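Below is one structure, written out as structure tokens; comments come after it.
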Amino acid sequence: MRQPLVAGNWKMNGSLESISLLLQGIKAGMGDVKRAAVAVCAPAIYLPAVQQQLQGSGIGWGGQDVSAEASGAYTGEIATSMLKDFGCQYVIVGHSERRAYHGETDELVARKYAAARAAGLIPILCVGETLDEREQGVTESVVARQLDAVIQLEGVGALADGVVAYEPVWAIGTGKTATPEQAQEVHGFIRQRVAEQDATVAEGLRILYGGSMKPDNAQELIAKPDIDGGLIGGASLNAADFLGICTAA
Ligand code: 3PY
């Protein structure tokens with residue numbers, strides 16, 4: 001039985017004051033969350049504040065990106081060891097915004113996944129197709145290519161230490177959500193593709209849905225057999241909405 005995970009992706013939002021209020025609100029409502037593991041992925045500069053407020057709360061935290069390199073002359077980058085220094089358990093790699101705005105390739109994302117894993121972080125690998133790709137009917141080949149980059153670098157066993165998030169790009173920040181059936185179709189495809197190489201890894205792999213997940217659609221999405229939680233954008237910035245999803249999971 002896979003424990004659902006609900007992870008907030010705050011993106012580049014918040015202030016010291018607003019995240020403090022947000023975390024107070026989330027902590028206050030955690031008693032109602034019966035099943036899901038809960039985490040927030042914060043802007044790197046706020047991780048010390050997040051650590052201070054979440055330590056011992058049962059809520060995990062993590063970064064939104066990380067360097068594939070261990071250290072050195074990489075101005076502006078953050079290493080896996082630095083995330084570990086601030087108690088992170090998770091890190092998102094390959095979010096579509098990083099792929100689109102920062103030119104991250106499948107190969108680079110796979111190296112980031114490997115670096116996170118080597119450091120003992122749980123990488124949350126984002127995969128998903130654009131609207132154009134969906135309309136061309138190449139959703140599965142795009143998602144397979146993104147997934148295979150990780151498998152080719154380290155073998156399918158690498159997925160035993162991570163989480164996959166299926167985030168259709170056309171559903172990110174647009175208010176459009178994949179229907180539960182559309183999402184399940186791709187989640188099922190991902191699990192099947194992994195199962196072709198290792199049935200045990202596939203069975204244990206948590207596959208989150210991301211893309212405008214909200215309290216009113218979370219239950220229906222998470223009820224699908226291959227949807228194991230969510231990576232939550234906008235709704236993770238509001239304690240009541242985020243908790244609504246966590247309790248639905
Ligand atoms: C969204 O839901 O908008 C996301 O991008 C979550 O990562």
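Letters A, B, ... mark the chains of the structure tokens in the order given; residue numbers begin at 1 per chain; ligand numbers begin at 1, in order shown.
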- Task: Using only C-alpha atoms and all ligand atoms, find each protein or nucleic acid residue lying at most 12 Å from ligand 1; present the set as JSON, numbers by chain.
- Result: {"A": [6, 7, 8, 9, 10, 11, 12, 40, 41, 42, 63, 64, 65, 91, 92, 93, 94, 95, 96, 97, 98, 99, 124, 125, 126, 127, 128, 164, 165, 166, 167, 168, 169, 170, 171, 172, 173, 174, 175, 176, 177, 178, 208, 209, 210, 211, 212, 213, 214, 218, 229, 230, 231, 232, 233, 234, 235, 236, 237, 242]}
- Message: Could you pull out the strand (DSSP E or B) residues of range 84-234 of chain A, going by DSSP on the backbone, and write them as a list of chain:residue names?
- Response: A:Tyr90, A:Val91, A:Ile92, A:Val93, A:Ile122, A:Pro123, A:Ile124, A:Leu125, A:Cys126, A:Val127, A:Val163, A:Val164, A:Ala165, A:Tyr166, A:Arg206, A:Ile207, A:Leu208, A:Tyr209, A:Gly210, A:Gly229, A:Gly230, A:Leu231, A:Ile232
Export of the given selection (N, CA, C and O atoms) as a compact mmCIF listing (two decimals), in the first residue's frame:
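File written: selection.txt
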# COMPACT_ATOMS: atom_id res chain seq x y z
N TYR A 90 13.28 16.42 0.70
CA TYR A 90 12.83 16.33 -0.69
C TYR A 90 13.48 17.40 -1.55
O TYR A 90 13.89 18.44 -1.05
N VAL A 91 13.52 17.15 -2.85
CA VAL A 91 13.81 18.23 -3.80
C VAL A 91 13.10 17.93 -5.12
O VAL A 91 13.09 16.80 -5.59
N ILE A 92 12.48 18.97 -5.67
CA ILE A 92 11.84 18.84 -6.98
C ILE A 92 12.94 18.93 -8.05
O ILE A 92 13.82 19.80 -7.95
N VAL A 93 12.90 18.06 -9.03
CA VAL A 93 13.82 18.20 -10.18
C VAL A 93 13.01 18.14 -11.47
O VAL A 93 12.04 17.39 -11.59
N ILE A 122 15.02 12.82 -1.31
CA ILE A 122 14.02 12.16 -2.16
C ILE A 122 13.73 13.08 -3.34
O ILE A 122 13.11 14.14 -3.15
N PRO A 123 14.20 12.73 -4.55
CA PRO A 123 13.89 13.60 -5.68
C PRO A 123 12.45 13.42 -6.14
O PRO A 123 11.95 12.30 -6.21
N ILE A 124 11.80 14.54 -6.43
CA ILE A 124 10.46 14.51 -7.02
C ILE A 124 10.65 14.89 -8.49
O ILE A 124 10.88 16.05 -8.82
N LEU A 125 10.62 13.88 -9.35
CA LEU A 125 10.92 14.06 -10.77
C LEU A 125 9.64 14.47 -11.51
O LEU A 125 8.69 13.70 -11.58
N CYS A 126 9.65 15.68 -12.07
CA CYS A 126 8.47 16.15 -12.81
C CYS A 126 8.58 15.77 -14.28
O CYS A 126 9.62 15.98 -14.91
N VAL A 127 7.49 15.24 -14.78
CA VAL A 127 7.39 14.91 -16.21
C VAL A 127 6.04 15.42 -16.70
O VAL A 127 5.11 15.62 -15.91
N VAL A 163 10.23 9.94 -6.28
CA VAL A 163 8.81 10.12 -6.53
C VAL A 163 8.71 10.72 -7.93
O VAL A 163 9.58 11.50 -8.32
N VAL A 164 7.67 10.34 -8.67
CA VAL A 164 7.45 10.96 -9.99
C VAL A 164 6.22 11.85 -9.87
O VAL A 164 5.25 11.49 -9.19
N ALA A 165 6.27 13.02 -10.47
CA ALA A 165 5.09 13.89 -10.52
C ALA A 165 4.72 14.11 -11.98
O ALA A 165 5.52 14.64 -12.75
N TYR A 166 3.51 13.66 -12.34
CA TYR A 166 3.03 13.92 -13.70
C TYR A 166 2.33 15.28 -13.69
O TYR A 166 1.31 15.46 -13.01
N ARG A 206 5.62 6.11 -5.96
CA ARG A 206 4.54 7.10 -5.80
C ARG A 206 4.54 8.03 -7.01
O ARG A 206 5.57 8.62 -7.34
N ILE A 207 3.39 8.14 -7.64
CA ILE A 207 3.24 9.01 -8.81
C ILE A 207 2.20 10.07 -8.45
O ILE A 207 1.02 9.76 -8.25
N LEU A 208 2.68 11.30 -8.32
CA LEU A 208 1.81 12.41 -7.92
C LEU A 208 1.23 13.08 -9.15
O LEU A 208 1.87 13.10 -10.21
N TYR A 209 0.07 13.67 -8.99
CA TYR A 209 -0.48 14.50 -10.07
C TYR A 209 -0.21 15.96 -9.71
O TYR A 209 -0.36 16.37 -8.55
N GLY A 210 0.18 16.75 -10.67
CA GLY A 210 0.36 18.19 -10.46
C GLY A 210 -0.26 18.96 -11.61
O GLY A 210 -0.17 18.54 -12.76
N GLY A 229 -1.18 11.02 -4.84
CA GLY A 229 -1.03 12.30 -4.15
C GLY A 229 -0.85 13.41 -5.16
O GLY A 229 -1.15 13.25 -6.35
N GLY A 230 -0.36 14.55 -4.68
CA GLY A 230 -0.26 15.70 -5.57
C GLY A 230 0.96 16.56 -5.30
O GLY A 230 1.49 16.59 -4.18
N LEU A 231 1.39 17.23 -6.35
CA LEU A 231 2.38 18.30 -6.22
C LEU A 231 1.58 19.56 -6.50
O LEU A 231 1.07 19.75 -7.62
N ILE A 232 1.45 20.39 -5.48
CA ILE A 232 0.42 21.44 -5.50
C ILE A 232 1.05 22.82 -5.69
O ILE A 232 1.91 23.22 -4.89
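CA of Glu220 in chain A lies 6.5 Å from CA of Pro180 in chain A.
Among the candidate residues A:Gly244, A:Gly162, A:Gly76, A:Gly155, the one lying nearest to Tyr113 in chain A is A:Gly162, with distances computed using only C-alpha atoms.
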- Message: as a PyMOL selection string, please: every residue in range 45-153 of chain A that DSSP puts in alpha helix (DSSP H).
- Response: chain A and resi 47-54+80-85+96-101+106-118+131-135+139-153
